[in-house]
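A.B. asks: One file is attached below, structure-v1.csv, containing CSV, C-alpha atoms.
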```csv
chain,number,residue,atom,x,y,z
A,1,MET,CA,-9.0,132.3,142.0
A,2,SER,CA,-5.6,131.1,140.8
A,3,ARG,CA,-2.6,130.8,143.1
A,4,LEU,CA,-0.8,133.5,141.0
A,5,ALA,CA,-3.7,135.9,141.5
A,6,LYS,CA,-3.7,135.2,145.3
A,7,TYR,CA,0.0,135.9,145.5
A,8,PHE,CA,-0.4,139.1,143.5
A,9,ILE,CA,-3.2,140.4,145.8
A,10,LEU,CA,-1.1,139.5,148.9
A,11,GLY,CA,1.9,141.2,147.4
A,12,LEU,CA,-0.1,144.4,146.8
A,13,ALA,CA,-1.5,144.3,150.4
A,14,MET,CA,2.0,143.9,151.8
A,15,VAL,CA,3.3,146.9,149.8
A,16,PHE,CA,0.3,149.0,150.9
A,17,VAL,CA,0.8,148.2,154.6
A,18,THR,CA,4.6,148.7,154.4
A,19,GLY,CA,4.1,152.0,152.7
A,20,LEU,CA,1.8,153.2,155.4
A,21,SER,CA,4.0,151.9,158.3
A,22,ALA,CA,6.5,154.7,157.9
A,23,TYR,CA,3.8,157.3,158.7
A,24,SER,CA,1.3,155.4,160.7
A,25,GLN,CA,0.5,154.5,164.3
A,26,LYS,CA,-0.5,151.4,166.2
A,27,VAL,CA,-3.3,152.1,168.6
A,28,GLU,CA,-4.3,149.7,171.4
A,29,GLN,CA,-6.2,149.6,174.6
A,30,VAL,CA,-4.2,148.8,177.7
A,31,ASP,CA,-6.1,148.5,181.0
A,32,GLY,CA,-8.9,150.6,179.4
A,33,VAL,CA,-6.5,153.4,178.3
A,34,ARG,CA,-5.8,154.4,174.7
A,35,VAL,CA,-2.1,153.8,173.9
A,36,VAL,CA,-0.6,155.2,170.7
A,37,HIS,CA,2.7,153.8,169.3
A,38,ASN,CA,3.9,156.4,166.8
A,39,SER,CA,6.2,155.8,163.9
A,40,LYS,CA,9.4,157.8,163.6
A,41,LYS,CA,8.3,160.6,161.2
A,42,GLY,CA,4.6,160.9,161.9
A,43,ILE,CA,1.8,161.1,159.4
A,44,TRP,CA,3.1,164.3,157.7
A,45,GLY,CA,6.3,162.5,156.8
A,46,ASP,CA,9.0,164.8,155.4
A,47,GLN,CA,6.5,167.7,154.7
A,48,PRO,CA,5.4,169.3,158.1
A,49,LYS,CA,2.1,171.2,157.8
A,50,VAL,CA,3.3,173.8,160.3
A,51,GLY,CA,6.5,175.7,160.9
A,52,ILE,CA,8.0,178.3,163.1
A,53,GLU,CA,9.4,181.8,162.2
A,54,PRO,CA,11.8,183.7,164.5
A,55,VAL,CA,10.4,186.9,166.0
A,56,ARG,CA,12.9,188.1,168.6
A,57,THR,CA,15.4,187.1,171.2
A,58,ILE,CA,15.4,188.6,174.7
A,59,GLY,CA,18.5,188.2,176.8
A,60,GLU,CA,22.2,188.3,176.3
A,61,ILE,CA,25.1,187.1,178.5
A,62,GLU,CA,27.7,189.6,177.3
A,63,THR,CA,25.8,192.9,177.7
A,64,ASN,CA,26.1,196.0,179.9
A,65,ASP,CA,22.3,196.3,180.1
A,66,GLU,CA,21.4,194.7,183.4
A,67,ASN,CA,17.8,194.5,182.4
A,68,VAL,CA,18.5,191.8,179.8
A,69,ALA,CA,21.5,190.2,181.5
A,70,PHE,CA,19.7,187.1,182.7
A,71,ASN,CA,21.0,184.4,184.9
A,72,LEU,CA,19.3,181.0,184.6
A,73,PRO,CA,15.9,182.2,183.2
A,74,SER,CA,13.4,179.5,184.0
A,75,ASP,CA,10.0,180.5,182.7
A,76,VAL,CA,8.0,183.0,180.6
A,77,ALA,CA,4.4,184.1,180.6
A,78,LEU,CA,2.2,186.7,178.9
A,79,ASP,CA,-0.6,188.9,180.1
A,80,LYS,CA,-3.8,189.6,178.2
A,81,ASP,CA,-2.1,192.6,176.5
A,82,GLY,CA,0.8,190.4,175.2
A,83,ASN,CA,3.4,191.8,177.6
A,84,ILE,CA,6.2,189.3,178.3
A,85,TYR,CA,7.2,188.3,181.8
A,86,ILE,CA,10.5,186.5,182.1
A,87,LEU,CA,11.3,184.7,185.4
A,88,ASP,CA,15.0,185.5,185.8
A,89,SER,CA,15.6,182.9,188.4
A,90,GLY,CA,19.3,183.3,189.0
A,91,ASN,CA,18.8,187.0,189.6
A,92,HIS,CA,15.7,186.4,191.8
A,93,ARG,CA,13.4,188.7,189.8
A,94,VAL,CA,10.7,189.0,187.2
A,95,GLN,CA,11.5,191.1,184.1
A,96,LYS,CA,8.6,192.6,182.3
A,97,PHE,CA,8.8,193.5,178.6
A,98,SER,CA,6.3,194.9,176.1
A,99,ALA,CA,4.8,192.7,173.4
A,100,ASP,CA,7.5,194.0,171.0
A,101,GLY,CA,10.3,193.2,173.5
A,102,LYS,CA,11.0,196.6,175.1
A,103,TYR,CA,12.0,196.5,178.8
A,104,LEU,CA,9.3,197.9,181.1
A,105,ALA,CA,9.9,196.9,184.7
A,106,THR,CA,11.6,194.7,187.3
A,107,PHE,CA,9.7,193.0,190.1
A,108,GLY,CA,11.4,191.4,193.1
A,109,ARG,CA,14.9,190.8,194.4
A,110,LYS,CA,16.7,188.1,196.5
A,111,GLY,CA,15.3,187.7,199.9
A,112,GLN,CA,12.6,186.2,202.1
A,113,GLY,CA,10.3,189.2,202.5
A,114,PRO,CA,7.2,190.2,200.6
A,115,GLY,CA,7.9,190.4,196.8
A,116,GLU,CA,11.3,188.7,197.3
A,117,PHE,CA,12.5,185.4,195.9
A,118,VAL,CA,15.2,182.8,196.1
A,119,TYR,CA,15.7,181.0,192.8
A,120,PRO,CA,12.0,181.1,191.9
A,121,GLU,CA,10.7,178.1,189.9
A,122,SER,CA,7.8,179.2,187.6
A,123,ILE,CA,5.5,182.0,186.7
A,124,ASP,CA,1.9,182.3,185.5
A,125,ILE,CA,-0.6,185.2,185.1
A,126,ASP,CA,-4.4,185.1,185.6
A,127,ASP,CA,-7.0,186.9,183.6
A,128,ALA,CA,-6.9,189.9,185.9
A,129,GLY,CA,-3.2,190.3,185.4
A,130,TYR,CA,-2.1,189.0,188.8
A,131,ILE,CA,1.3,187.3,188.7
A,132,TYR,CA,1.8,183.9,190.4
A,133,VAL,CA,5.4,183.0,191.2
A,134,SER,CA,6.4,179.7,192.7
A,135,ASP,CA,9.1,180.3,195.3
A,136,PRO,CA,10.0,176.9,196.6
A,137,ARG,CA,13.1,177.8,198.5
A,138,ASN,CA,10.9,180.1,200.6
A,139,GLN,CA,8.2,177.4,200.7
A,140,ARG,CA,5.6,179.6,199.2
A,141,ILE,CA,3.7,180.8,196.1
A,142,GLN,CA,3.7,184.6,195.9
A,143,VAL,CA,0.9,186.5,194.1
A,144,LEU,CA,1.8,189.9,192.8
A,145,THR,CA,-0.4,192.7,191.5
A,146,PRO,CA,-0.1,193.7,187.9
A,147,GLU,CA,2.2,196.5,189.2
A,148,GLY,CA,4.5,193.9,190.8
A,149,LYS,CA,3.5,194.6,194.5
A,150,GLU,CA,2.7,191.8,196.9
A,151,ALA,CA,-1.0,190.9,196.8
A,152,ARG,CA,-0.9,187.8,199.0
A,153,THR,CA,1.3,184.8,199.9
A,154,ILE,CA,0.3,181.2,199.7
A,155,LYS,CA,2.3,179.4,202.3
A,156,MET,CA,3.0,175.8,201.5
A,157,ILE,CA,3.3,173.7,204.6
A,158,ASP,CA,2.7,170.1,203.6
A,159,GLU,CA,3.6,170.4,199.9
A,160,GLN,CA,6.8,171.4,198.2
A,161,PRO,CA,6.1,174.2,195.7
A,162,GLY,CA,7.0,173.2,192.1
A,163,VAL,CA,6.0,174.3,188.6
A,164,ILE,CA,2.5,175.9,188.8
A,165,ARG,CA,0.0,176.6,186.0
A,166,LEU,CA,-3.3,178.4,186.5
A,167,ALA,CA,-6.3,176.3,185.5
A,168,GLY,CA,-9.1,178.8,186.0
A,169,PRO,CA,-10.4,180.7,189.0
A,170,GLY,CA,-9.3,179.2,192.3
A,171,ARG,CA,-7.4,176.3,190.8
A,172,MET,CA,-3.7,175.6,190.2
A,173,VAL,CA,-2.1,172.6,188.7
A,174,MET,CA,1.4,171.8,190.1
A,175,ALA,CA,4.2,169.6,188.8
A,176,PRO,CA,7.4,168.7,190.7
A,177,GLY,CA,10.1,171.3,190.3
A,178,SER,CA,13.8,171.1,190.5
A,179,LEU,CA,13.7,170.2,194.2
A,180,MET,CA,12.2,166.8,193.2
A,181,MET,CA,15.8,165.6,193.1
A,182,MET,CA,16.4,166.6,196.8
A,183,PHE,CA,16.0,163.9,199.4
A,184,SER,CA,13.8,164.1,202.4
A,185,ALA,CA,13.8,162.0,205.6
A,186,GLY,CA,11.9,158.8,205.3
A,187,GLU,CA,11.4,159.1,201.6
A,188,GLU,CA,13.6,156.1,200.8
A,189,ASP,CA,11.5,153.8,203.0
A,190,ALA,CA,8.1,155.0,201.6
A,191,LYS,CA,5.9,152.1,200.5
A,192,GLU,CA,4.2,153.9,197.7
A,193,LEU,CA,5.6,156.3,195.1
A,194,PRO,CA,3.9,159.7,195.3
A,195,LYS,CA,1.7,161.0,192.5
A,196,LEU,CA,3.3,163.3,190.0
A,197,MET,CA,0.7,166.1,189.7
A,198,THR,CA,-1.2,168.1,192.4
A,199,ILE,CA,-4.3,170.2,192.0
A,200,LEU,CA,-4.4,173.1,194.5
A,201,ASP,CA,-7.1,175.6,195.4
A,202,ASP,CA,-6.3,179.4,195.6
A,203,ARG,CA,-5.2,178.9,199.3
A,204,GLY,CA,-2.7,176.2,198.4
A,205,ALA,CA,-4.8,173.3,199.8
A,206,VAL,CA,-4.5,170.0,198.0
A,207,GLN,CA,-7.7,169.0,196.1
A,208,HIS,CA,-6.5,166.0,194.2
A,209,LYS,CA,-3.4,164.2,193.1
A,210,PHE,CA,-2.8,162.1,190.0
A,211,GLY,CA,-0.2,160.7,187.6
A,212,GLU,CA,1.7,157.5,188.2
A,213,GLN,CA,5.4,157.2,188.4
A,214,ARG,CA,7.2,154.2,186.9
A,215,ASP,CA,8.5,152.0,189.6
A,216,TYR,CA,12.1,151.0,188.7
A,217,LYS,CA,12.2,149.1,192.0
A,218,ASP,CA,15.2,151.3,193.0
A,219,PHE,CA,15.0,154.5,195.0
A,220,LEU,CA,17.6,156.4,193.0
A,221,LEU,CA,16.2,155.3,189.7
A,222,ASN,CA,12.7,156.3,190.8
A,223,LYS,CA,14.1,159.8,191.5
A,224,ALA,CA,16.1,160.1,188.3
A,225,GLY,CA,13.7,158.4,185.9
A,226,ASN,CA,10.4,160.1,186.7
A,227,GLY,CA,11.2,163.7,185.9
A,228,ILE,CA,8.5,165.4,183.8
A,229,GLN,CA,7.5,168.6,182.0
A,230,SER,CA,3.8,169.6,182.0
A,231,THR,CA,1.4,171.9,180.3
A,232,LEU,CA,-2.4,172.7,180.1
A,233,ASP,CA,-4.6,173.2,177.1
A,234,GLY,CA,-7.5,175.6,176.8
A,235,GLN,CA,-9.9,173.1,178.3
A,236,GLY,CA,-7.9,172.4,181.3
A,237,ASN,CA,-6.5,169.1,180.2
A,238,VAL,CA,-3.1,168.3,181.5
A,239,TYR,CA,-0.2,166.9,179.4
A,240,LEU,CA,3.0,165.3,180.7
A,241,ALA,CA,6.2,164.6,178.9
A,242,PHE,CA,8.7,162.4,180.7
A,243,SER,CA,12.3,163.5,180.6
A,244,ARG,CA,13.8,160.1,180.6
A,245,GLN,CA,11.0,157.8,179.5
A,246,ASN,CA,9.5,157.4,176.0
A,247,ARG,CA,6.1,158.4,177.4
A,248,ILE,CA,3.7,161.3,176.8
A,249,GLU,CA,0.3,161.4,178.6
A,250,LYS,CA,-2.9,163.4,178.5
A,251,TYR,CA,-5.2,163.7,181.6
A,252,SER,CA,-8.6,165.3,181.9
A,253,SER,CA,-9.1,168.3,184.1
A,254,ASP,CA,-10.1,166.0,187.0
A,255,GLY,CA,-6.9,163.8,186.6
A,256,SER,CA,-8.3,160.9,184.6
A,257,LEU,CA,-5.8,159.4,182.2
A,258,LEU,CA,-7.1,159.8,178.6
A,259,TRP,CA,-4.2,158.4,176.5
A,260,ARG,CA,-0.6,157.5,176.6
A,261,ALA,CA,1.8,157.8,173.6
A,262,ASP,CA,5.3,156.9,172.6
A,263,ARG,CA,7.3,157.2,169.4
A,264,GLU,CA,10.2,155.4,167.6
A,265,LEU,CA,13.6,156.7,168.9
A,266,ASP,CA,17.2,156.2,167.8
A,267,TYR,CA,18.2,155.5,171.4
A,268,ASN,CA,16.7,153.6,174.3
A,269,THR,CA,15.5,155.0,177.6
A,270,GLU,CA,16.4,152.1,179.9
A,271,PRO,CA,18.9,152.8,182.7
A,272,LYS,CA,22.5,152.6,181.8
A,273,ASP,CA,23.7,152.8,185.4
A,274,ARG,CA,21.7,152.4,188.6
A,275,GLY,CA,23.7,154.9,190.6
A,276,LYS,CA,24.9,154.4,194.2
A,277,MET,CA,24.1,155.7,197.6
A,278,GLU,CA,26.6,155.2,200.5
A,279,ARG,CA,26.3,156.2,204.1
A,280,ARG,CA,29.5,156.8,206.1
A,281,GLY,CA,29.3,158.1,209.6
A,282,GLY,CA,26.9,161.0,209.6
A,283,GLY,CA,27.1,161.7,205.9
A,284,THR,CA,25.7,160.3,202.7
A,285,SER,CA,27.4,160.0,199.3
A,286,ILE,CA,25.2,159.8,196.2
A,287,ARG,CA,26.0,159.1,192.6
A,288,MET,CA,22.9,159.5,190.5
A,289,PRO,CA,21.9,156.9,187.9
A,290,GLU,CA,22.6,157.5,184.2
A,291,LEU,CA,19.7,157.5,181.8
A,292,ASN,CA,19.3,159.0,178.3
A,293,THR,CA,17.3,162.2,178.0
A,294,CYS,CA,14.2,162.0,175.9
A,295,SER,CA,12.1,165.2,176.3
A,296,VAL,CA,12.9,168.7,177.7
A,297,GLY,CA,9.7,170.6,177.2
A,298,ILE,CA,6.0,170.4,176.3
A,299,ALA,CA,3.3,173.0,175.3
A,300,ALA,CA,-0.2,173.0,173.8
A,301,ASP,CA,-1.4,175.5,171.2
A,302,SER,CA,-4.8,177.0,170.6
A,303,GLN,CA,-5.8,174.2,168.2
A,304,GLY,CA,-5.2,171.5,170.9
A,305,ARG,CA,-2.0,170.3,169.2
A,306,LEU,CA,0.8,169.2,171.5
A,307,TRP,CA,4.4,170.4,170.9
A,308,VAL,CA,7.2,168.4,172.6
A,309,ALA,CA,10.8,169.5,172.5
A,310,SER,CA,12.9,166.3,172.5
A,311,LEU,CA,16.3,165.0,171.6
A,312,GLN,CA,16.7,163.2,168.3
A,313,ARG,CA,20.1,162.1,169.5
A,314,GLN,CA,22.0,162.2,172.8
A,315,LEU,CA,24.3,165.1,173.5
A,316,LYS,CA,28.0,164.5,172.9
A,317,GLU,CA,30.4,165.0,175.9
A,318,GLU,CA,31.5,168.3,174.5
A,319,GLU,CA,27.9,169.5,174.2
A,320,LYS,CA,26.8,168.8,177.8
A,321,ALA,CA,26.0,171.4,180.4
A,322,GLY,CA,24.3,171.1,183.8
A,323,MET,CA,23.5,172.9,187.0
A,324,LYS,CA,25.9,173.1,189.9
A,325,VAL,CA,24.2,173.5,193.2
A,326,GLN,CA,26.0,174.4,196.5
A,327,MET,CA,24.4,174.6,199.9
A,328,SER,CA,25.9,175.8,203.2
A,329,MET,CA,24.7,176.8,206.7
A,330,SER,CA,25.5,180.1,208.3
A,331,GLY,CA,24.0,181.3,211.6
A,332,GLY,CA,21.4,178.6,211.4
A,333,GLU,CA,20.3,179.7,208.0
A,334,ARG,CA,20.6,177.7,204.8
A,335,ASN,CA,22.3,179.4,201.9
A,336,ILE,CA,22.1,178.1,198.3
A,337,SER,CA,23.8,179.0,195.1
A,338,MET,CA,23.2,177.7,191.6
A,339,LYS,CA,25.2,178.2,188.4
A,340,ALA,CA,25.5,176.6,185.0
A,341,ASP,CA,28.4,174.2,184.6
A,342,GLY,CA,29.9,172.5,181.6
A,343,ASN,CA,30.3,173.7,178.0
A,344,ILE,CA,28.0,176.8,178.2
A,345,GLU,CA,29.8,178.6,175.4
A,346,LEU,CA,28.4,176.3,172.7
A,347,ARG,CA,25.2,177.6,171.0
A,348,ASP,CA,24.5,175.5,167.9
A,349,THR,CA,23.6,171.8,167.8
A,350,ASP,CA,21.4,169.5,165.7
A,351,ALA,CA,20.5,167.3,168.7
A,352,TYR,CA,17.0,168.8,169.3
A,353,ARG,CA,13.7,168.7,167.5
A,354,LEU,CA,10.0,169.7,167.9
A,355,GLU,CA,7.5,166.9,167.8
A,356,VAL,CA,3.9,168.0,166.9
A,357,TYR,CA,1.0,165.7,168.0
A,358,ASP,CA,-2.7,166.0,167.5
A,359,PRO,CA,-5.1,166.1,170.5
A,360,ASP,CA,-5.4,162.3,170.4
A,361,GLY,CA,-1.7,161.5,170.7
A,362,VAL,CA,-1.0,160.9,167.1
A,363,LEU,CA,2.4,162.2,165.9
A,364,LEU,CA,1.8,164.6,163.0
A,365,GLY,CA,5.4,165.6,162.2
A,366,ILE,CA,8.8,166.8,163.3
A,367,ILE,CA,10.5,170.1,163.0
A,368,PRO,CA,14.4,170.0,163.4
A,369,LEU,CA,16.0,172.6,165.6
A,370,ASP,CA,19.5,174.1,165.4
A,371,ARG,CA,20.0,175.5,169.0
A,372,PHE,CA,20.0,174.1,172.5
A,373,VAL,CA,16.6,174.1,174.3
A,374,ASP,CA,15.9,173.7,178.1
A,375,ASP,CA,12.2,174.2,178.0
A,376,ILE,CA,9.3,175.6,175.8
A,377,ARG,CA,6.1,177.4,176.4
A,378,ILE,CA,3.3,178.5,174.0
A,379,GLU,CA,1.3,181.6,174.8
A,380,GLN,CA,-1.3,183.1,172.4
A,381,ASP,CA,0.3,180.9,169.6
A,382,ARG,CA,3.7,182.5,170.3
A,383,LEU,CA,6.3,179.8,170.9
A,384,PHE,CA,9.0,180.5,173.4
A,385,PHE,CA,12.3,178.6,173.7
A,386,ILE,CA,13.9,178.9,177.1
A,387,ASP,CA,17.7,178.7,177.1
A,388,ARG,CA,18.7,178.6,180.7
A,389,MET,CA,22.3,177.7,180.8
A,390,ARG,CA,24.0,178.7,177.5
A,391,GLY,CA,22.6,181.8,176.0
A,392,ALA,CA,20.6,182.7,179.1
A,393,GLN,CA,17.9,184.0,176.8
A,394,ILE,CA,14.3,183.6,175.7
A,395,ARG,CA,13.7,183.1,171.9
A,396,GLU,CA,10.3,183.9,170.5
A,397,TYR,CA,8.9,182.3,167.4
A,398,ARG,CA,5.6,182.6,165.5
A,399,ILE,CA,3.7,179.4,164.6
A,400,VAL,CA,3.0,179.3,160.9
A,401,GLU,CA,0.4,177.1,159.1
A,402,LYS,CA,1.6,175.9,155.8
```
Do you think you could lay out the structure here as structure tokens?
C.D. replies:
Amino acid sequence: MSRLAKYFILGLAMVFVTGLSAYSQKVEQVDGVRVVHNSKKGIWGDQPKVGIEPVRTIGEIETNDENVAFNLPSDVALDKDGNIYILDSGNHRVQKFSADGKYLATFGRKGQGPGEFVYPESIDIDDAGYIYVSDPRNQRIQVLTPEGKEARTIKMIDEQPGVIRLAGPGRMVMAPGSLMMMFSAGEEDAKELPKLMTILDDRGAVQHKFGEQRDYKDFLLNKAGNGIQSTLDGQGNVYLAFSRQNRIEKYSSDGSLLWRADRELDYNTEPKDRGKMERRGGGTSIRMPELNTCSVGIAADSQGRLWVASLQRQLKEEEKAGMKVQMSMSGGERNISMKADGNIELRDTDAYRLEVYDPDGVLLGIIPLDRFVDDIRIEQDRLFFIDRMRGAQIREYRIVEK
């Protein structure tokens, strides 16, 4: 073969590989685990094979109807009839709506008694219609009947209740909730980082723990950098999306790591600031580390595809909002209040997107979004966006195959 022919074939090969690289992945084995490094656009490129169509929005800040005047809604679940249950955390209640969005009932109020909550964290519903509400500030998980009455209370003594998802009869999968950022005595001196996920039985007893934190070799960075969102698929597999790491993981129902994936981003996820902790007298002053936010929500559909709500760019200063938490003691009792803080009037932004992955961690494509998102959930192929702080609403979409 002539030298010219060799260069011609080599040139064709380079064009072929370069053309694929925009929509391909690099897959490798690291310590026996499949690791997928996804390209920026995914294999669908600029032509996503799925889309979303708006169905309805439930919730409105400026309304006289108290049934849809939510305050920090944190979660949503559906029963087998398609009724919608919204965990209205800031109002310490569960709001039930029909499948077509009509208000039906209110369960709960603020308090420590049966059927009462204090800023509840998450909600899920079993096949019999029983409602499981994680109530971490009362150190318990409450189980309500389909009519909203107390069925039983799961008292959590050794574990802090977090975000719970039901994984079949007698089994719950729990991720750390918002109290992960709170500090407990002795935690700073712990020799090992705790696991991220916990499997509980129906009495709240721990069956298994799994999921490794990244060790930043710094206490504050470990707290700030290991926040996650989690979801289950129909086979009980567990998926994690890390809020401030370029890292998505799939675990089997027994907690074995099946794969890890990342994708090309237009920003980095390394710490920009390590934060600072100072002790003066009997008090402690804490300034948390600064890291870019990568993911805000994760959900799996009936086909086993994974949907991740992420940021395609970081929020500008004028777009930022957060949670302001105040605690006080009165008569030996701890009181807590939470409210949205920052620019909560803004509704539209181009900062967010949906990433769609196949069951093996391959990025299929990206759907741009035009509103703020705090979390997502998929129920019966209905996609719900949770807007906690700005619109205080739940937006429902239909997943459409193209």
A.B. asks: When you draw a straight line from atom CA of A:Lys40 to atom CA of A:Thr293, how long is it in Å?
C.D. replies: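 Pair atom CA of A:Lys40 / atom CA of A:Thr293 returns 17.0 Å.
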A.B. asks: Between atom CA of A:Val133 and atom CA of A:Pro114, what is the distance, to one decimal in Å?
C.D. replies: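 Computed distance, atom CA of A:Val133 to atom CA of A:Pro114, equals 12.0 Å.
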A.B. asks: Report, in Å to a single decimal, how far apart atom CA of A:Asp124 and atom CA of A:Ile61 are.
C.D. replies: 24.7 Å
A.B. asks: List the spatial neighbours of A:Ile86 as a ChimeraX atom specification - criterion: any atom at most 12 Å away, all atoms listed in the file, same-chain residues fewer than 3 positions off excluded.
C.D. replies: /A:57-59,67-79,83,89-98,101,103-107,120-125,131,133,377,384-388,392-396
A.B. asks: With distances taken over only C-alpha atoms, which residue among A:Gln25, A:Ser253, A:Asn64, A:Asn343 lies nearest A:Asp233?
C.D. replies: A:Ser253
A.B. asks: Between A:Leu193, A:Val296, A:Leu220, A:Met288, which is the closest to A:Ser243 once you count all atoms listed in the file?
C.D. replies: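 Comparing A:Leu193, A:Val296, A:Leu220, A:Met288 against A:Ser243, the winner is A:Val296.
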